[in-house]
Structures are given as structure tokens and as C-alpha cells.
file my_file-v9.csv (CSV, C-alpha atoms and all ligand atoms)
chain,number,residue,atom,x,y,z
A,1,MET,CA,205.9,15.2,152.1
A,2,GLU,CA,206.8,18.3,154.1
A,3,ARG,CA,209.1,18.0,157.0
A,4,GLU,CA,206.5,19.0,159.6
A,5,GLY,CA,203.8,16.7,158.2
A,6,PHE,CA,202.9,13.2,159.3
A,7,ASP,CA,203.6,10.4,156.9
A,8,LEU,CA,201.2,7.9,158.3
A,9,THR,CA,202.4,5.2,156.0
A,10,SER,CA,205.7,5.0,157.9
A,11,ASP,CA,206.1,3.8,161.5
A,12,GLU,CA,207.9,7.0,162.4
A,13,GLY,CA,205.0,9.1,161.1
A,14,GLU,CA,202.5,7.0,163.0
A,15,GLN,CA,204.5,7.2,166.3
A,16,ARG,CA,204.8,10.9,165.8
A,17,ALA,CA,201.1,11.3,165.3
A,18,ILE,CA,200.4,9.3,168.4
A,19,ALA,CA,202.8,11.3,170.5
A,20,VAL,CA,201.2,14.6,169.5
A,21,LEU,CA,197.7,13.2,170.1
A,22,PHE,CA,198.8,11.9,173.5
A,23,GLY,CA,200.2,15.4,174.3
A,24,LEU,CA,197.0,17.1,173.3
A,25,LEU,CA,194.9,14.6,175.3
A,26,ASN,CA,197.1,15.1,178.3
A,27,GLN,CA,196.7,18.9,178.0
A,28,ALA,CA,192.9,18.7,177.6
A,29,GLN,CA,192.6,16.3,180.5
A,30,GLN,CA,194.7,18.3,182.9
A,31,LYS,CA,192.9,21.5,182.0
A,32,ALA,CA,189.6,19.8,182.5
A,33,MET,CA,190.7,18.8,185.9
A,34,GLY,CA,191.5,22.5,186.7
A,35,ILE,CA,195.2,22.0,186.6
A,36,GLU,CA,196.8,25.2,185.4
A,37,PHE,CA,200.4,24.3,185.6
A,38,TYR,CA,202.7,21.5,184.7
A,39,VAL,CA,206.4,20.5,185.1
A,40,TRP,CA,208.3,20.0,181.9
A,41,ILE,CA,210.0,16.6,182.0
A,42,THR,CA,212.5,15.4,179.4
A,43,GLN,CA,213.7,11.9,178.7
A,44,HIS,CA,217.1,12.8,180.3
A,45,ASP,CA,219.2,11.4,177.5
A,46,GLY,CA,221.6,12.6,174.9
A,47,ARG,CA,218.9,13.0,172.3
A,48,VAL,CA,217.1,15.8,174.2
A,49,ARG,CA,217.5,19.1,172.3
A,50,ASP,CA,219.3,21.9,174.3
A,51,SER,CA,216.3,24.2,174.3
A,52,HIS,CA,214.2,21.4,176.0
A,53,ALA,CA,217.0,20.4,178.4
A,54,GLU,CA,216.8,23.9,179.7
A,55,ARG,CA,213.1,23.5,180.5
A,56,ASP,CA,213.6,20.2,182.4
A,57,ASP,CA,211.9,20.3,185.8
A,58,LYS,CA,210.7,23.9,185.2
A,59,ILE,CA,207.1,25.0,185.7
A,60,PHE,CA,204.9,26.1,182.8
A,61,ARG,CA,201.3,27.2,182.4
A,62,TRP,CA,198.9,25.5,180.0
A,63,ASP,CA,197.5,28.9,179.0
A,64,ASN,CA,201.0,30.2,178.1
A,65,PRO,CA,202.8,27.8,175.7
A,66,PRO,CA,206.5,28.4,175.4
A,67,GLU,CA,208.2,28.8,172.0
A,68,GLY,CA,207.5,25.6,170.0
A,69,GLY,CA,204.6,24.6,172.2
A,70,HIS,CA,203.9,22.4,175.2
A,71,PRO,CA,205.8,19.1,175.6
A,72,SER,CA,205.4,16.6,172.7
A,73,GLN,CA,203.9,19.4,170.4
A,74,ASP,CA,207.2,20.4,168.8
A,75,TYR,CA,208.5,18.1,166.0
A,76,GLY,CA,210.0,14.9,167.4
A,77,CYS,CA,209.7,16.0,171.0
A,78,ARG,CA,209.6,13.1,173.5
A,79,CYS,CA,209.2,15.3,176.6
A,80,TYR,CA,206.0,15.2,178.7
A,81,ALA,CA,204.0,17.4,181.1
A,82,ARG,CA,203.7,16.3,184.7
A,83,PRO,CA,200.6,17.9,186.1
A,84,LEU,CA,201.2,20.4,188.9
A,85,GLY,CA,198.2,21.2,191.2
A,86,VAL,CA,198.2,24.0,193.7
A,87,GLU,CA,199.2,21.6,196.5
A,88,GLY,CA,202.2,20.3,194.5
A,89,TYR,CA,203.2,23.9,193.6
A,90,TRP,CA,203.0,24.9,197.3
A,91,GLU,CA,205.3,22.0,198.1
A,92,ARG,CA,207.8,23.1,195.4
A,93,VAL,CA,208.2,26.5,197.0
A,94,SER,CA,208.4,25.3,200.6
A,95,GLU,CA,212.1,26.3,201.0
A,96,GLY,CA,211.2,30.0,200.4
A,97,VAL,CA,208.0,29.7,202.5
A,98,GLU,CA,210.0,28.4,205.5
A,99,THR,CA,212.8,30.9,205.1
A,100,PHE,CA,210.4,33.8,205.0
A,101,ALA,CA,208.2,32.5,207.9
A,102,ALA,CA,211.4,32.3,210.0
A,103,ASP,CA,212.5,35.8,209.0
A,104,LEU,CA,209.1,37.5,209.4
A,105,GLY,CA,209.3,38.1,213.2
A,106,ARG,CA,212.2,40.3,212.6
A,107,TRP,CA,210.0,42.8,210.7
A,108,GLU,CA,206.6,42.2,212.0
A,109,GLY,CA,207.4,41.3,215.6
A,110,ASN,CA,206.1,38.2,217.3
A,111,VAL,CA,203.5,39.2,219.9
A,112,ASP,CA,201.1,36.8,221.6
A,113,HIS,CA,198.6,39.5,222.8
A,114,MET,CA,196.7,42.3,221.1
A,115,TYR,CA,198.5,45.6,220.7
A,116,LEU,CA,198.3,48.8,218.6
A,117,ASP,CA,200.7,49.1,215.7
A,118,THR,CA,202.2,52.5,214.7
A,119,ASP,CA,199.1,53.2,212.7
A,120,SER,CA,196.8,52.4,215.7
A,121,ASN,CA,195.6,49.1,214.2
A,122,VAL,CA,194.8,46.3,216.6
A,123,THR,CA,197.4,43.7,215.8
A,124,VAL,CA,198.5,40.3,217.1
A,125,GLY,CA,201.1,37.7,216.3
A,126,LYS,CA,203.5,38.4,213.4
A,127,GLY,CA,201.8,41.6,212.2
A,128,LYS,CA,198.3,40.2,211.8
A,129,LEU,CA,195.9,43.1,211.6
A,130,LEU,CA,192.5,42.7,213.4
A,131,PRO,CA,190.1,45.1,211.7
A,132,ASP,CA,187.2,44.4,214.1
A,133,ALA,CA,186.3,42.4,217.2
A,134,GLU,CA,184.8,39.6,215.0
A,135,SER,CA,188.1,38.9,213.3
A,136,ALA,CA,189.7,38.8,216.7
A,137,ALA,CA,187.0,36.4,218.1
A,138,ALA,CA,187.7,34.1,215.2
A,139,LEU,CA,191.2,33.4,216.6
A,140,PRO,CA,192.0,30.7,219.2
A,141,PHE,CA,192.9,33.2,222.0
A,142,ARG,CA,193.4,31.6,225.5
A,143,ASP,CA,193.1,33.0,229.0
A,144,ARG,CA,196.5,33.8,230.3
A,145,ALA,CA,195.6,32.7,233.8
A,146,THR,CA,193.8,29.4,233.1
A,147,ASN,CA,195.1,28.5,229.6
A,148,GLU,CA,191.5,27.8,228.6
A,149,LEU,CA,190.2,28.8,225.2
A,150,ALA,CA,188.5,32.2,225.5
A,151,PHE,CA,184.9,32.9,224.6
A,152,ALA,CA,184.0,35.4,221.9
A,153,ASP,CA,182.8,38.0,224.5
A,154,GLU,CA,186.1,37.7,226.4
A,155,ILE,CA,188.0,38.3,223.2
A,156,THR,CA,185.8,41.3,222.5
A,157,ILE,CA,186.7,42.8,225.9
A,158,ASP,CA,190.4,42.7,225.1
A,159,PHE,CA,189.9,44.0,221.6
A,160,ASP,CA,187.6,46.9,222.7
A,161,LEU,CA,190.1,47.9,225.4
A,162,ILE,CA,193.2,47.9,223.2
A,163,SER,CA,191.3,49.5,220.3
A,164,ALA,CA,190.2,52.4,222.5
A,165,MET,CA,193.8,53.2,223.6
A,166,GLU,CA,195.8,55.8,221.8
A,167,GLY,CA,198.4,54.7,219.3
A,168,SER,CA,201.9,55.9,219.5
A,169,GLN,CA,204.9,55.7,217.2
A,170,SER,CA,207.3,55.1,220.1
A,171,ARG,CA,205.4,52.5,222.2
A,172,ARG,CA,206.5,48.9,222.0
A,173,ALA,CA,204.0,46.1,221.7
A,174,SER,CA,204.9,45.0,225.3
A,175,TYR,CA,203.4,48.2,226.6
A,176,TYR,CA,199.9,46.8,225.9
A,177,GLU,CA,200.4,43.4,227.5
A,178,PRO,CA,199.3,44.4,231.1
A,179,PHE,CA,196.0,45.6,229.6
A,180,THR,CA,195.2,42.2,228.1
A,181,HIS,CA,194.0,39.0,229.6
A,182,LEU,CA,194.4,36.7,226.6
A,183,TYR,CA,197.2,35.3,224.5
A,184,LEU,CA,197.7,33.2,221.4
A,185,PRO,CA,200.0,30.1,221.6
A,186,GLN,CA,203.0,30.3,219.3
A,187,SER,CA,201.8,27.3,217.3
A,188,ASP,CA,198.7,29.2,216.4
A,189,ILE,CA,200.6,32.4,215.5
A,190,ASP,CA,202.8,30.3,213.2
A,191,ARG,CA,199.8,28.6,211.6
A,192,MET,CA,198.2,32.1,211.0
A,193,VAL,CA,201.4,33.1,209.1
A,194,THR,CA,201.1,30.0,206.9
A,195,GLU,CA,197.4,30.6,206.3
A,196,HIS,CA,198.2,34.2,205.4
A,197,MET,CA,200.9,33.0,203.0
A,198,ARG,CA,198.5,30.5,201.4
A,199,LYS,CA,196.3,33.4,200.5
A,200,ASP,CA,199.2,35.5,199.3
A,201,PHE,CA,200.4,32.5,197.2
A,202,LYS,CA,197.2,32.6,195.0
A,203,ALA,CA,197.8,36.3,194.4
A,204,LEU,CA,201.5,35.8,193.7
A,205,LEU,CA,200.7,33.1,191.1
A,206,ARG,CA,198.3,35.5,189.3
A,207,GLN,CA,201.1,38.1,189.1
A,208,TYR,CA,204.1,35.7,188.7
A,209,PRO,CA,202.8,32.3,187.3
A,210,GLU,CA,206.3,31.0,187.0
A,211,PHE,CA,207.1,32.0,190.6
A,212,GLY,CA,208.4,28.5,191.4
A,213,ASN,CA,211.1,28.9,188.7
A,214,LEU,CA,212.6,32.0,190.4
A,215,PRO,CA,215.7,31.8,192.6
A,216,VAL,CA,214.7,31.1,196.2
A,217,SER,CA,216.1,34.4,197.4
A,218,VAL,CA,213.8,36.2,194.8
A,219,GLN,CA,210.9,34.2,196.1
A,220,VAL,CA,211.6,35.3,199.7
A,221,ALA,CA,211.9,38.9,198.5
A,222,LEU,CA,208.4,38.6,196.9
A,223,TRP,CA,207.0,37.0,199.9
A,224,ASP,CA,208.1,39.9,202.0
A,225,MET,CA,206.8,42.5,199.6
A,226,ILE,CA,203.3,40.9,199.3
A,227,TYR,CA,203.0,40.3,203.0
A,228,ASN,CA,203.9,43.9,203.6
A,229,LEU,CA,202.1,45.6,200.7
A,230,GLY,CA,199.1,43.2,200.0
A,231,ALA,CA,198.4,41.8,196.5
A,232,ASP,CA,197.3,45.2,195.0
A,233,GLY,CA,200.3,46.9,196.5
A,234,LEU,CA,202.7,44.4,194.9
A,235,ALA,CA,200.8,44.5,191.6
A,236,ALA,CA,201.6,48.3,191.4
A,237,PHE,CA,205.3,47.5,191.1
A,238,ARG,CA,205.2,47.1,187.3
A,239,LEU,CA,208.8,47.9,186.7
A,240,LEU,CA,209.8,45.3,189.2
A,241,ARG,CA,207.7,42.7,187.5
A,242,GLN,CA,209.3,43.5,184.2
A,243,ALA,CA,212.8,43.3,185.7
A,244,ILE,CA,211.9,39.8,187.1
A,245,GLU,CA,210.5,38.6,183.8
A,246,ASP,CA,213.8,39.8,182.2
A,247,GLY,CA,215.8,38.0,184.9
A,248,ASP,CA,217.5,41.4,185.6
A,249,TRP,CA,218.1,41.0,189.3
A,250,ALA,CA,220.1,44.2,189.8
A,251,GLU,CA,217.2,46.2,188.2
A,252,ALA,CA,214.7,44.2,190.3
A,253,ALA,CA,216.7,45.2,193.4
A,254,ARG,CA,216.5,48.9,192.3
A,255,GLN,CA,212.7,48.6,191.6
A,256,SER,CA,211.8,46.9,194.9
A,257,HIS,CA,212.0,50.0,197.2
A,258,ARG,CA,208.9,50.6,199.3
A,259,ILE,CA,207.6,53.7,201.0
A,260,GLY,CA,206.6,52.8,204.5
A,261,PRO,CA,208.8,50.0,205.9
A,262,ALA,CA,212.0,50.7,207.7
A,263,GLU,CA,215.0,51.2,205.4
A,264,GLU,CA,216.5,48.1,207.0
A,265,ARG,CA,213.7,46.0,205.6
A,266,ASN,CA,214.0,47.6,202.2
A,267,GLN,CA,217.8,46.8,202.3
A,268,PHE,CA,217.0,43.2,203.3
A,269,VAL,CA,214.8,42.8,200.1
A,270,PHE,CA,217.3,44.7,198.0
A,271,ASP,CA,220.0,42.3,199.1
A,272,LEU,CA,217.8,39.2,198.4
A,273,PHE,CA,217.5,40.3,194.7
A,274,MET,CA,221.2,41.0,194.6
A,275,ASP,CA,221.9,37.5,195.9
A,276,ALA,CA,220.2,36.2,192.8
A,277,ALA,CA,222.4,38.4,190.6
A,278,GLY,CA,225.4,36.7,192.1
A,279,GLU,CA,224.2,33.2,191.1
A,280,PRO,CA,225.4,31.8,187.8
B,301,ZN,ZN,211.3,17.8,174.0
call {"tool": "encode", "arguments": {"input": "my_file-v9.csv", "output": "C-alpha cells", "more": "lines below"}}
Ligand SMILES: [Zn+2]
result
Amino acid sequence: MEREGFDLTSDEGEQRAIAVLFGLLNQAQQKAMGIEFYVWITQHDGRVRDSHAERDDKIFRWDNPPEGGHPSQDYGCRCYARPLGVEGYWERVSEGVETFAADLGRWEGNVDHMYLDTDSNVTVGKGKLLPDAESAAALPFRDRATNELAFADEITIDFDLISAMEGSQSRRASYYEPFTHLYLPQSDIDRMVTEHMRKDFKALLRQYPEFGNLPVSVQVALWDMIYNLGADGLAAFRLLRQAIEDGDWAEAARQSHRIGPAEERNQFVFDLFMDAAGEP
């Protein structure tokens, strides 16, 4: 009998066949449930092979089996795959999400009324662009005088007025405040950031399926880049993606430079990649 084959006449062979079958059923069931990812879990004992010990608690994708296959597929493997849904994945990256959300105001401002950004886009909160009056009217603006929720036509008045003003590279957001009547509460601004990041997260997972395995500082750098560039803008950074796949953080730092944002913001992201290079 060959080494890789199953000798069903022995107990060991039977157990082995059951383990493989269980692994395949687990995979089929999870995929049928729309679960794209799993966390590799070992038995945490001395018999776990080194190559699998390295995979413990790391995220994998059913569509992209690592060398030797998914848990239990390699000969004698006793590891298993814990399903990871989108909610669970989001939970796993919460440290980076919170860090980024706290940093964001430094780059995008934190403005509770509509204003024009340097490209004359109507903007509110932490850099939320409002392409038209409808998108503004969808937000829970309140009347500054009464604190009451504003009606859509009141929001449209603020939007049309700000939109008709002339943009300027030098004007601060506060310049526009006296022309507005409405504001957004901070809790709503923060919630909008989280909603925006939830959308970015889907795009990030398409480009970086193993995003949750990256060092937290690299996660924060990617959050900043996708927030600033959009999903297509980030996807254009192919050399960056290659460097990240290679785990070459110094190269990733070099490849992260963006045209547009302040040099200070580029430096911030550069340093985040270099932070990962400093880790063991
Ligand atoms: Zn194993």
C-alpha cells in the first residue's frame, strides 16, 4: 500500500478516511453557506507539524488552498477550519478599524456642516463627499437653532447655497459655517465613517483576501489609502500589492506614495509600512 493511500482494513486508515471526508464535508457546507474564509485551527499540541503551527489562527480562503491543501486534507493532518463570515472577519480587524477611524480627522477634517473642499466638492464630516442634494438629504442633518431633524428641502437649501459658492485652495471649512443652518451630530459623523469603511472592507477583501493576517499597522495604511483613493485607485497600486504579498514592508513603503494628498499624509502611511518592517 502506498504511503498516501488509505488502508481501510486498519483502524488508522479508517480514521484517516473519515478525517478527510469530514474536512471535505466541512468545506462543501461552508461554501454552500456562502462562507468564503476560514481560520486555520491546529490541535495545539506537540504533534502539530511546524508548517501547520505557522498557520494557526490565520485566515485562509476556500478558493485558494495553501500548499498541502485545506485543514485535514494533508496526510495525517488533525487541523480544522473554523468558518469566518464577513461579520466575524470585520470583528477580527477591529483594532485597525478603530485606529484608522480615530486618525482620520487629522487628514480629512471633522466638520459638522457642509463646506467646499479644495476641489469645490460639497463635503461634510470626515471628508464625506456629497455629489448631489439627494445624497445630502439622505443624511440626518439637524437644525442648528432647534436641534430638530431637518427636512429634505431644508437640506437642499444648505446644499444649493454651498454648492453655488466658489471653491478656494486657501479657505478653511469654517469659512462656510455662517452660510449654513444645519449640522450633523458627531455620533452620526462617526457612524458614516464606519459605514464608509464597511464598503471599503468589501473592496479590500477582493484585493487583499488575507487582509486580516497583515500587521495592524499595514492594515491601517491600507485603510487610509482606500479611503483616500477609492477601490479602483488602490487597485492601481500593483507593485504595492506585490510587495505586500511578499511581506516586503520596506518595498511596500516605497510603493505607497500617492499623488494628491499632503506629503505629511504620504509620510504617515510610509511610516506605517516601516513599522511592520521593524516587527520580528
Ligand atoms: Zn494540520
call {"tool": "closest_atom_pairs", "arguments": {"input": "my_file-v9.csv", "of": "region 160-274 of chain A", "to": "region 30-44 of chain A", "cutoff": "12 Å", "atoms": "only C-alpha atoms", "output": "Markdown table"}}
result
| residue | atom | partner | partner_atom | distance |
| --- | --- | --- | --- | --- |
| A:Leu205 | CA | A:Phe37 | CA | 10.4 |
| A:Arg206 | CA | A:Glu36 | CA | 11.1 |
| A:Pro209 | CA | A:Phe37 | CA | 8.5 |
| A:Glu210 | CA | A:Phe37 | CA | 9.0 |
| A:Phe211 | CA | A:Phe37 | CA | 11.4 |
| A:Gly212 | CA | A:Val39 | CA | 10.4 |
| A:Asn213 | CA | A:Val39 | CA | 10.3 |
call {"tool": "closest_residue", "arguments": {"input": "my_file-v9.csv", "among": "A:Gly109, A:Pro65, A:Gly76, A:Gly88", "to": "ligand ZN 301 (chain B)", "atoms": "all atoms listed in the file"}}
result
A:Gly76
call {"tool": "residues_near_point", "arguments": {"input": "my_file-v9.csv", "point": "(197.6, 42.7, 227.5)", "cutoff": "10 Å", "atoms": "all atoms listed in the file", "output": "VMD selection string"}}
result
chain A and resid 112 to 115 144 158 to 159 161 to 162 173 to 183
call {"tool": "residues_around", "arguments": {"input": "my_file-v9.csv", "residues": "region 256-268 of chain A", "least_positions_apart": "6", "cutoff": "8 Å", "atoms": "all atoms listed in the file", "output": "list in words"}}
result
Trp107, Phe237 and Leu240 of chain A
call {"tool": "closest_residue", "arguments": {"input": "my_file-v9.csv", "among": "A:Tyr227, A:Arg61, A:Ser51, A:Gln73", "to": "Leu24 (chain A)", "atoms": "only C-alpha atoms"}}
result
A:Gln73
call {"tool": "atom_distance", "arguments": {"input": "my_file-v9.csv", "atom1": "CA of Phe100 (chain A)", "atom2": "CA of Val216 (chain A)"}}
result
10.2 Å
call {"tool": "residues_near_ligand", "arguments": {"input": "my_file-v9.csv", "ligand": "ligand ZN 301 (chain B)", "cutoff": "8 Å", "atoms": "all atoms listed in the file", "output": "MDAnalysis selection string"}}
result
chainID A and resid 42:43 48:49 52:53 71:72 74 76:80
call {"tool": "residues_around", "arguments": {"input": "my_file-v9.csv", "residues": "Glu91 (chain A)", "least_positions_apart": "5", "cutoff": "12 Å", "atoms": "all atoms listed in the file", "output": "MDAnalysis selection string"}}
result
chainID A and resid 84:86 96:98 198 201 212
call {"tool": "closest_residue", "arguments": {"input": "my_file-v9.csv", "among": "A:Gln29, A:Thr99, A:Gln186, A:Ser168", "to": "Asp119 (chain A)", "atoms": "only C-alpha atoms"}}
result
A:Ser168
